[in-house]
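*Asks:* protein05.cif is reproduced below (mmCIF, C-alpha atoms and all ligand atoms).
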data_run
#
loop_
_atom_site.label_atom_id
_atom_site.label_comp_id
_atom_site.auth_asym_id
_atom_site.auth_seq_id
_atom_site.Cartn_x
_atom_site.Cartn_y
_atom_site.Cartn_z
CA MET A 1 -11.53 5.84 -11.44
CA ALA A 2 -10.35 4.24 -8.21
CA VAL A 3 -7.26 2.05 -8.16
CA LEU A 4 -6.65 -0.29 -5.25
CA THR A 5 -3.08 -1.56 -5.04
CA GLY A 6 -1.29 -4.08 -2.86
CA ALA A 7 2.14 -5.55 -2.31
CA GLY A 8 2.17 -7.27 -5.74
CA SER A 9 2.36 -3.89 -7.44
CA SER A 10 5.70 -3.19 -5.73
CA ALA A 11 7.00 -6.76 -6.16
CA GLU A 12 8.81 -5.98 -9.41
CA SER A 13 10.57 -3.07 -7.72
CA GLY A 14 12.07 -5.67 -5.39
CA VAL A 15 9.83 -5.11 -2.36
CA PRO A 16 8.76 -8.46 -0.86
CA THR A 17 5.03 -9.22 -0.69
CA PHE A 18 3.40 -10.53 2.50
CA ARG A 19 1.82 -13.86 1.63
CA GLY A 20 3.55 -15.28 -1.43
CA ALA A 21 6.78 -17.32 -1.54
CA GLY A 22 9.48 -15.31 0.24
CA GLY A 23 6.79 -12.99 1.66
CA HIS A 24 7.20 -11.34 5.06
CA TRP A 25 4.49 -13.44 6.70
CA GLN A 26 6.08 -16.65 5.45
CA ARG A 27 9.18 -15.81 7.46
CA PHE A 28 7.82 -13.94 10.47
CA ARG A 29 4.74 -14.01 12.65
CA PRO A 30 2.97 -10.67 12.13
CA GLN A 31 2.08 -10.42 15.81
CA ASP A 32 5.84 -10.47 16.67
CA LEU A 33 6.65 -7.49 14.44
CA ALA A 34 3.55 -5.59 13.45
CA SER A 35 1.43 -5.25 16.55
CA PRO A 36 1.15 -2.70 19.37
CA GLU A 37 1.88 -5.50 21.87
CA ALA A 38 5.16 -6.38 20.14
CA PHE A 39 6.17 -2.71 20.17
CA GLU A 40 5.33 -2.38 23.86
CA ARG A 41 7.33 -5.53 24.64
CA ASP A 42 10.43 -4.70 22.61
CA PRO A 43 10.43 -1.43 20.63
CA GLU A 44 14.05 -1.86 19.56
CA PHE A 45 13.35 -5.27 18.02
CA VAL A 46 10.30 -4.03 16.14
CA TRP A 47 12.22 -0.96 15.01
CA SER A 48 15.16 -3.05 13.76
CA TRP A 49 12.76 -4.77 11.32
CA TYR A 50 11.18 -1.51 10.18
CA ASP A 51 14.59 0.15 9.92
CA ALA A 52 15.73 -2.66 7.60
CA ARG A 53 12.52 -2.39 5.53
CA ARG A 54 12.99 1.37 5.22
CA SER A 55 16.58 0.86 4.03
CA ASP A 56 15.47 -1.79 1.53
CA VAL A 57 12.70 0.42 0.13
CA ALA A 58 14.99 3.47 -0.01
CA ALA A 59 17.25 1.47 -2.31
CA VAL A 60 14.57 0.59 -4.89
CA ALA A 61 12.69 2.55 -7.54
CA PRO A 62 9.12 2.58 -8.83
CA ASN A 63 8.44 0.09 -11.63
CA ALA A 64 6.60 0.50 -14.93
CA GLY A 65 3.27 -0.27 -13.23
CA HIS A 66 3.66 2.64 -10.80
CA TYR A 67 4.55 4.98 -13.68
CA ALA A 68 1.57 3.77 -15.72
CA LEU A 69 -0.80 4.63 -12.86
CA ALA A 70 0.73 8.11 -12.61
CA ARG A 71 0.07 8.55 -16.36
CA LEU A 72 -3.51 7.40 -15.84
CA GLU A 73 -4.06 10.00 -13.13
CA ALA A 74 -2.82 12.72 -15.48
CA ARG A 75 -5.45 11.61 -18.05
CA ILE A 76 -8.49 11.25 -15.82
CA ASN A 77 -10.23 14.07 -13.95
CA ASP A 78 -11.00 12.07 -10.85
CA CYS A 79 -8.56 9.24 -10.23
CA THR A 80 -7.58 8.07 -6.76
CA VAL A 81 -4.90 5.51 -5.98
CA ILE A 82 -5.81 3.70 -2.77
CA THR A 83 -2.78 1.75 -1.67
CA GLN A 84 -2.22 -0.80 1.06
CA ASN A 85 1.50 -0.32 0.50
CA VAL A 86 3.56 1.72 2.93
CA ASP A 87 6.57 2.18 0.63
CA GLY A 88 5.72 5.54 -1.00
CA LEU A 89 6.52 4.23 -4.50
CA HIS A 90 3.30 5.54 -6.09
CA GLN A 91 4.22 9.08 -5.04
CA ALA A 92 7.81 8.52 -6.16
CA ALA A 93 6.44 7.64 -9.62
CA GLY A 94 4.40 10.84 -9.77
CA SER A 95 0.94 9.86 -8.49
CA ALA A 96 -0.40 12.81 -6.50
CA ASN A 97 -3.83 11.63 -5.40
CA VAL A 98 -2.81 8.70 -3.18
CA VAL A 99 -4.58 7.41 -0.08
CA GLU A 100 -2.20 5.40 2.10
CA LEU A 101 -4.72 3.10 3.73
CA HIS A 102 -2.14 1.28 5.88
CA GLY A 103 0.05 4.30 6.62
CA SER A 104 3.60 5.02 5.53
CA LEU A 105 7.07 3.78 6.41
CA TRP A 106 8.28 7.37 6.10
CA ARG A 107 5.99 8.90 8.70
CA LEU A 108 6.56 8.31 12.42
CA ARG A 109 4.14 8.78 15.29
CA CYS A 110 4.94 9.66 18.90
CA VAL A 111 3.14 7.28 21.24
CA ALA A 112 3.13 9.99 23.93
CA CYS A 113 2.12 13.27 22.24
CA GLY A 114 0.83 12.06 18.85
CA ALA A 115 3.28 14.17 16.76
CA GLN A 116 3.67 12.69 13.27
CA PRO A 117 7.02 13.76 11.82
CA LEU A 118 8.18 12.75 8.36
CA ASP A 119 11.57 11.06 8.58
CA ARG A 120 13.38 9.51 5.61
CA ARG A 121 16.68 8.73 7.33
CA THR A 122 18.04 5.24 6.64
CA PRO A 123 19.33 3.72 8.76
CA MET A 124 17.99 5.50 11.82
CA PRO A 125 20.90 6.84 13.88
CA VAL A 126 19.42 5.53 17.16
CA LEU A 127 16.83 2.82 17.74
CA PRO A 128 14.18 3.33 18.93
CA PRO A 129 13.93 6.97 17.83
CA ARG A 130 12.57 9.57 20.28
CA CYS A 131 10.20 12.49 19.72
CA GLN A 132 11.94 15.86 19.36
CA ARG A 133 9.00 17.56 21.02
CA CYS A 134 8.47 15.43 24.13
CA SER A 135 11.11 12.63 24.06
CA GLY A 136 8.35 10.02 23.84
CA LEU A 137 8.89 6.84 21.83
CA LEU A 138 8.37 7.21 18.10
CA ARG A 139 6.82 4.32 16.16
CA PRO A 140 6.29 3.83 12.44
CA ALA A 141 2.96 5.42 11.44
CA VAL A 142 1.72 2.20 9.85
CA VAL A 143 -1.40 0.23 10.71
CA TRP A 144 -0.60 -2.80 12.84
CA PHE A 145 -2.59 -5.95 13.48
CA GLY A 146 -5.51 -5.23 15.78
CA GLU A 147 -5.45 -1.50 14.98
CA MET A 148 -8.08 0.61 13.26
CA LEU A 149 -7.36 2.31 9.95
CA SER A 150 -7.33 6.09 9.87
CA GLU A 151 -10.99 7.15 9.62
CA GLU A 152 -10.05 9.87 7.18
CA ALA A 153 -8.15 7.49 4.86
CA LEU A 154 -10.96 4.94 4.95
CA ALA A 155 -13.65 7.55 4.28
CA ALA A 156 -11.65 8.94 1.32
CA SER A 157 -11.19 5.41 -0.07
CA GLU A 158 -14.87 4.55 0.29
CA ALA A 159 -15.93 7.80 -1.34
CA ALA A 160 -13.51 7.25 -4.24
CA CYS A 161 -14.88 3.72 -4.83
CA GLU A 162 -18.50 4.84 -4.52
CA ARG A 163 -18.15 7.50 -7.22
CA ALA A 164 -15.88 5.42 -9.50
CA GLU A 165 -17.02 4.19 -12.90
CA VAL A 166 -14.09 1.78 -12.93
CA VAL A 167 -12.27 0.19 -9.99
CA LEU A 168 -8.89 -1.22 -10.99
CA VAL A 169 -7.46 -3.68 -8.46
CA ALA A 170 -3.76 -4.38 -8.88
CA GLY A 171 -1.47 -6.79 -7.06
CA THR A 172 -3.43 -7.47 -3.92
CA SER A 173 -4.48 -10.80 -2.43
CA ALA A 174 -7.79 -9.09 -1.53
CA THR A 175 -7.82 -10.89 1.79
CA VAL A 176 -7.26 -8.08 4.29
CA GLN A 177 -10.28 -6.05 5.38
CA PRO A 178 -11.52 -3.43 5.00
CA ALA A 179 -9.40 -2.86 1.86
CA ALA A 180 -10.65 -6.08 0.25
CA SER A 181 -14.26 -4.87 0.37
CA LEU A 182 -13.62 -1.52 -1.32
CA PRO A 183 -13.96 -2.85 -4.90
CA LEU A 184 -17.30 -4.42 -3.91
CA LEU A 185 -18.49 -1.05 -2.69
CA GLY A 186 -17.72 0.27 -6.17
CA LYS A 187 -19.42 -2.70 -7.79
CA GLY A 188 -22.54 -2.11 -5.68
CA ASN A 189 -22.67 1.37 -7.21
CA GLY A 190 -22.34 0.06 -10.75
CA ALA A 191 -18.57 0.30 -11.22
CA TYR A 192 -16.78 -1.96 -13.71
CA ILE A 193 -14.15 -4.02 -11.85
CA VAL A 194 -10.81 -4.82 -13.48
CA GLU A 195 -8.30 -6.99 -11.64
CA VAL A 196 -4.62 -7.43 -12.45
CA ASN A 197 -2.87 -10.19 -10.53
CA THR A 198 -0.48 -13.06 -11.22
CA GLU A 199 -2.96 -15.38 -9.44
CA GLU A 200 -6.66 -15.76 -8.79
CA THR A 201 -7.95 -14.05 -5.66
CA PRO A 202 -11.25 -14.06 -3.76
CA LEU A 203 -12.12 -10.98 -5.82
CA THR A 204 -11.66 -12.72 -9.18
CA PRO A 205 -15.24 -14.07 -9.44
CA GLU A 206 -16.56 -10.56 -8.71
CA ALA A 207 -14.41 -8.87 -11.34
CA ASP A 208 -15.76 -7.98 -14.79
CA VAL A 209 -12.30 -8.61 -16.20
CA SER A 210 -9.46 -10.38 -14.42
CA LEU A 211 -6.09 -10.21 -16.14
CA ARG A 212 -3.46 -12.75 -15.17
CA GLY A 213 0.03 -11.27 -15.16
CA LYS A 214 2.45 -8.82 -13.63
CA THR A 215 1.47 -5.23 -12.94
CA ALA A 216 4.71 -3.88 -14.43
CA GLN A 217 3.76 -5.49 -17.75
CA LEU A 218 -0.02 -5.25 -17.80
CA LEU A 219 -0.65 -1.79 -16.34
CA PRO A 220 1.45 0.00 -19.01
CA MET A 221 -0.42 -1.96 -21.71
CA LEU A 222 -3.80 -1.07 -20.21
CA VAL A 223 -2.91 2.61 -19.91
CA ASP A 224 -1.45 2.70 -23.45
CA ARG A 225 -4.72 1.31 -24.77
CA PHE A 226 -6.73 3.74 -22.68
CA GLU A 227 -4.68 6.66 -24.03
CA GLN A 228 -5.15 5.46 -27.62
CA CYS A 229 -8.92 5.15 -27.14
CA SER A 230 -9.31 8.48 -25.36
CA THR A 231 -7.18 10.25 -28.00
CA ALA A 232 -9.30 8.69 -30.75
CA SER A 233 -12.51 9.89 -29.11
CA ASP A 234 -11.16 13.47 -28.45
P1 LIG B 301 -0.12 -10.00 -0.30
O1 LIG B 301 1.30 -10.37 -0.11
O2 LIG B 301 -1.13 -10.62 0.60
O3 LIG B 301 -0.58 -10.33 -1.79
C1 LIG B 301 0.16 -9.94 -2.90
C2 LIG B 301 -0.69 -10.22 -4.12
O4 LIG B 301 0.01 -9.74 -5.26
C3 LIG B 301 -0.98 -11.70 -4.37
O5 LIG B 301 -2.34 -11.84 -4.75
C4 LIG B 301 -0.06 -12.06 -5.55
O6 LIG B 301 -0.63 -13.05 -6.39
C5 LIG B 301 0.04 -10.73 -6.26
N1 LIG B 301 1.28 -10.50 -7.00
C6 LIG B 301 2.55 -10.80 -6.65
N2 LIG B 301 3.43 -10.32 -7.54
C7 LIG B 301 2.70 -9.67 -8.48
C8 LIG B 301 3.02 -8.94 -9.67
N3 LIG B 301 4.29 -8.75 -10.06
N4 LIG B 301 2.01 -8.43 -10.41
C9 LIG B 301 0.70 -8.62 -10.03
N5 LIG B 301 0.35 -9.29 -8.92
C10 LIG B 301 1.32 -9.79 -8.15
O7 LIG B 301 -0.20 -8.41 -0.25
P2 LIG B 301 -1.45 -7.45 0.02
O8 LIG B 301 -2.69 -7.98 -0.60
O9 LIG B 301 -1.03 -6.09 -0.35
O10 LIG B 301 -1.15 -5.10 5.91
O11 LIG B 301 -1.57 -7.54 1.59
C11 LIG B 301 -2.53 -6.76 2.24
C12 LIG B 301 -2.02 -6.39 3.60
O12 LIG B 301 -1.64 -7.57 4.32
C13 LIG B 301 -0.76 -5.56 3.62
O13 LIG B 301 -0.98 -4.19 3.39
C14 LIG B 301 -0.26 -5.79 5.01
C15 LIG B 301 -0.45 -7.28 5.10
O14 LIG B 301 -0.63 -7.80 6.36
C16 LIG B 301 -0.65 -4.49 7.01
O15 LIG B 301 0.53 -4.53 7.29
C17 LIG B 301 -1.69 -3.77 7.80
#
Translate the structure described by the file into C-alpha cells.
*Replies:*
Amino acid sequence: MAVLTGAGSSAESGVPTFRGAGGHWQRFRPQDLASPEAFERDPEFVWSWYDARRSDVAAVAPNAGHYALARLEARINDCTVITQNVDGLHQAAGSANVVELHGSLWRLRCVACGAQPLDRRTPMPVLPPRCQRCSGLLRPAVVWFGEMLSEEALAASEAACERAEVVLVAGTSATVQPAASLPLLGKGNGAYIVEVNTEETPLTPEADVSLRGKTAQLLPMLVDRFEQCSTASD
C-alpha cells in the first residue's frame, strides 16, 4: 500500500493547511516566504516565518488519522507513507516508513557546504542560524517554489506507488506536482485508489472510492475495518 498525505491530514492537529480558509497561501505570497530568491533577499525574514511554524508544530500532537496510518503500517508488509507535510507528525505517531517528499522543518541545510543537521530547537536562539562546520547560512531543508524535489525521495515515492495494490490519498488538494500525479502512476499499474478529503479534488474523478470527511475520523474507521477483515481472513 502507498499512502499519499497532505496538509489536510495535519489540520486536526492544529497545523494550518495551505489553500483552504485560514491557509498559509491565503495570508502570504509563497514567493515572499518559500523561495530561494526570498531567502537570498532576506534570510532573517524567511527564517522568522519558519521559526514560528516550527514552534507551532512543536506544540501540537499527531491526531487519530496519523495514529491510524501507523497501525496500518504495522499490519501490512509493504506500506509507505509519502507525505507532502514537513511537520514530522507521521513519525511522531509511529510511522517508520515515511518519505518526506517536500522535506522537513526539523532538518536544516547549509547553503555553503551542504551539511544537513537535524535541529529541533524552538525558537532558534539566533536568526538566521549558521553552520557549525563552515559558518555558512543554514536554511530549512524544505522544498521551495521553483526547486526540484529530492531525486531519492521522488524515486522512492514512484516505486511505492508503482508496486502498490492500493493507493490511499488523504488530505491533499492534489494540485501540486509531482505529488499529485503519484496516485495516477499507481492507477496506471492497476492500483485501487481511495481518497479521503473534506472536499472534492481534481483526483476525485480518478478515485475508485472517494470518502468525504475528516482524516482523523475516517482513517481510524477505515483501518478498524481493514483489521477486522484481515483478522477474519487469517
Ligand atoms: P492544501 O492546503 O493545498 O490542501 C489541503 C487539502 O486537505 C484540501 O483538499 C482540503 O479539502 C483537505 N482537508 C482539509 N482539512 C481536512 C481534514 N481534516 N481531513 C481531510 N481533508 C482535509 O495542502 P496540500 O495538498 O498538502 O508545498 O498542499 C500541497 C503542497 O502545496 C504543500 O506541501 C506545500 C504547498 O505549497 C510546498 O511547500 C512545496
*Asks:* Please identify all protein, DNA and RNA residues within 9 Å of ligand LIG 301 (chain B), counting only C-alpha atoms and all ligand atoms, and report them as a PyMOL selection string.
*Replies:* chain A and resi 5-13+16-21+23-25+30+34+65+83-86+101-103+142-147+149+170-177+179-180+196-201+212-218
*Asks:* If you take every atom of segment 33-44 of chain A that the file lists and fit an axis-aligned box around them with 3 Å extra on each side, what centre and edge lengths come out in Å to one decimal, as AutoDock Vina command-line options?
*Replies:*
--center_x 7.6 --center_y -4.5 --center_z 19.0 --size_x 18.9 --size_y 12.1 --size_z 17.2
*Asks:* One decimal, in Å: what's the spacing between atom CA of Val223 of chain A and atom CA of Ala68 of chain A?
*Replies:*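 So the answer is 6.2 Å.
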*Asks:* Please determine the residues with any atom at most 10 Å from (6.4, 3.7, -3.7) (coordinates as given in the file, with all atoms listed in the file counting) and report them as a ChimeraX atom specification.
*Replies:* /A:9-10,13,15,57-58,60-63,66,83,85-95,104
*Asks:* Closest to Ala191 of chain A among A:Glu165, A:Glu152, A:Asp51, A:Glu37, using all atoms listed in the file?
*Replies:*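 Checking each of A:Glu165, A:Glu152, A:Asp51, A:Glu37 against Ala191 of chain A, counting all atoms listed in the file, the winner is A:Glu165.
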*Asks:* Rounded to one decimal in Å, what is the spacing between atom CA of Leu222 of chain A and atom CA of Val167 of chain A?
*Replies:* 13.3 Å
*Asks:* Using Å and a single decimal, report how far atom CA of Arg133 of chain A sits from atom CA of Cys113 of chain A.
*Replies:*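 So the two atoms, atom CA of Cys113 of chain A and atom CA of Arg133 of chain A, lie 8.2 Å apart.
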*Asks:* Between A:Arg27, A:Ile193, A:Ala232, A:Ala70, which one has atoms that come closest to Pro220 of chain A, using all atoms listed in the file?
*Replies:*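 Once distances to Pro220 of chain A are computed over all atoms listed in the file, the minimum belongs to A:Ala70.
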*Asks:* Please determine, counting only C-alpha atoms, which residue among A:Leu127, A:Gln116, A:Gln31, A:Asn77 has the shortest atom-to-atom distance to Ala52 of chain A.
*Replies:*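 For Ala52 of chain A, the nearest of the given residues is A:Leu127.
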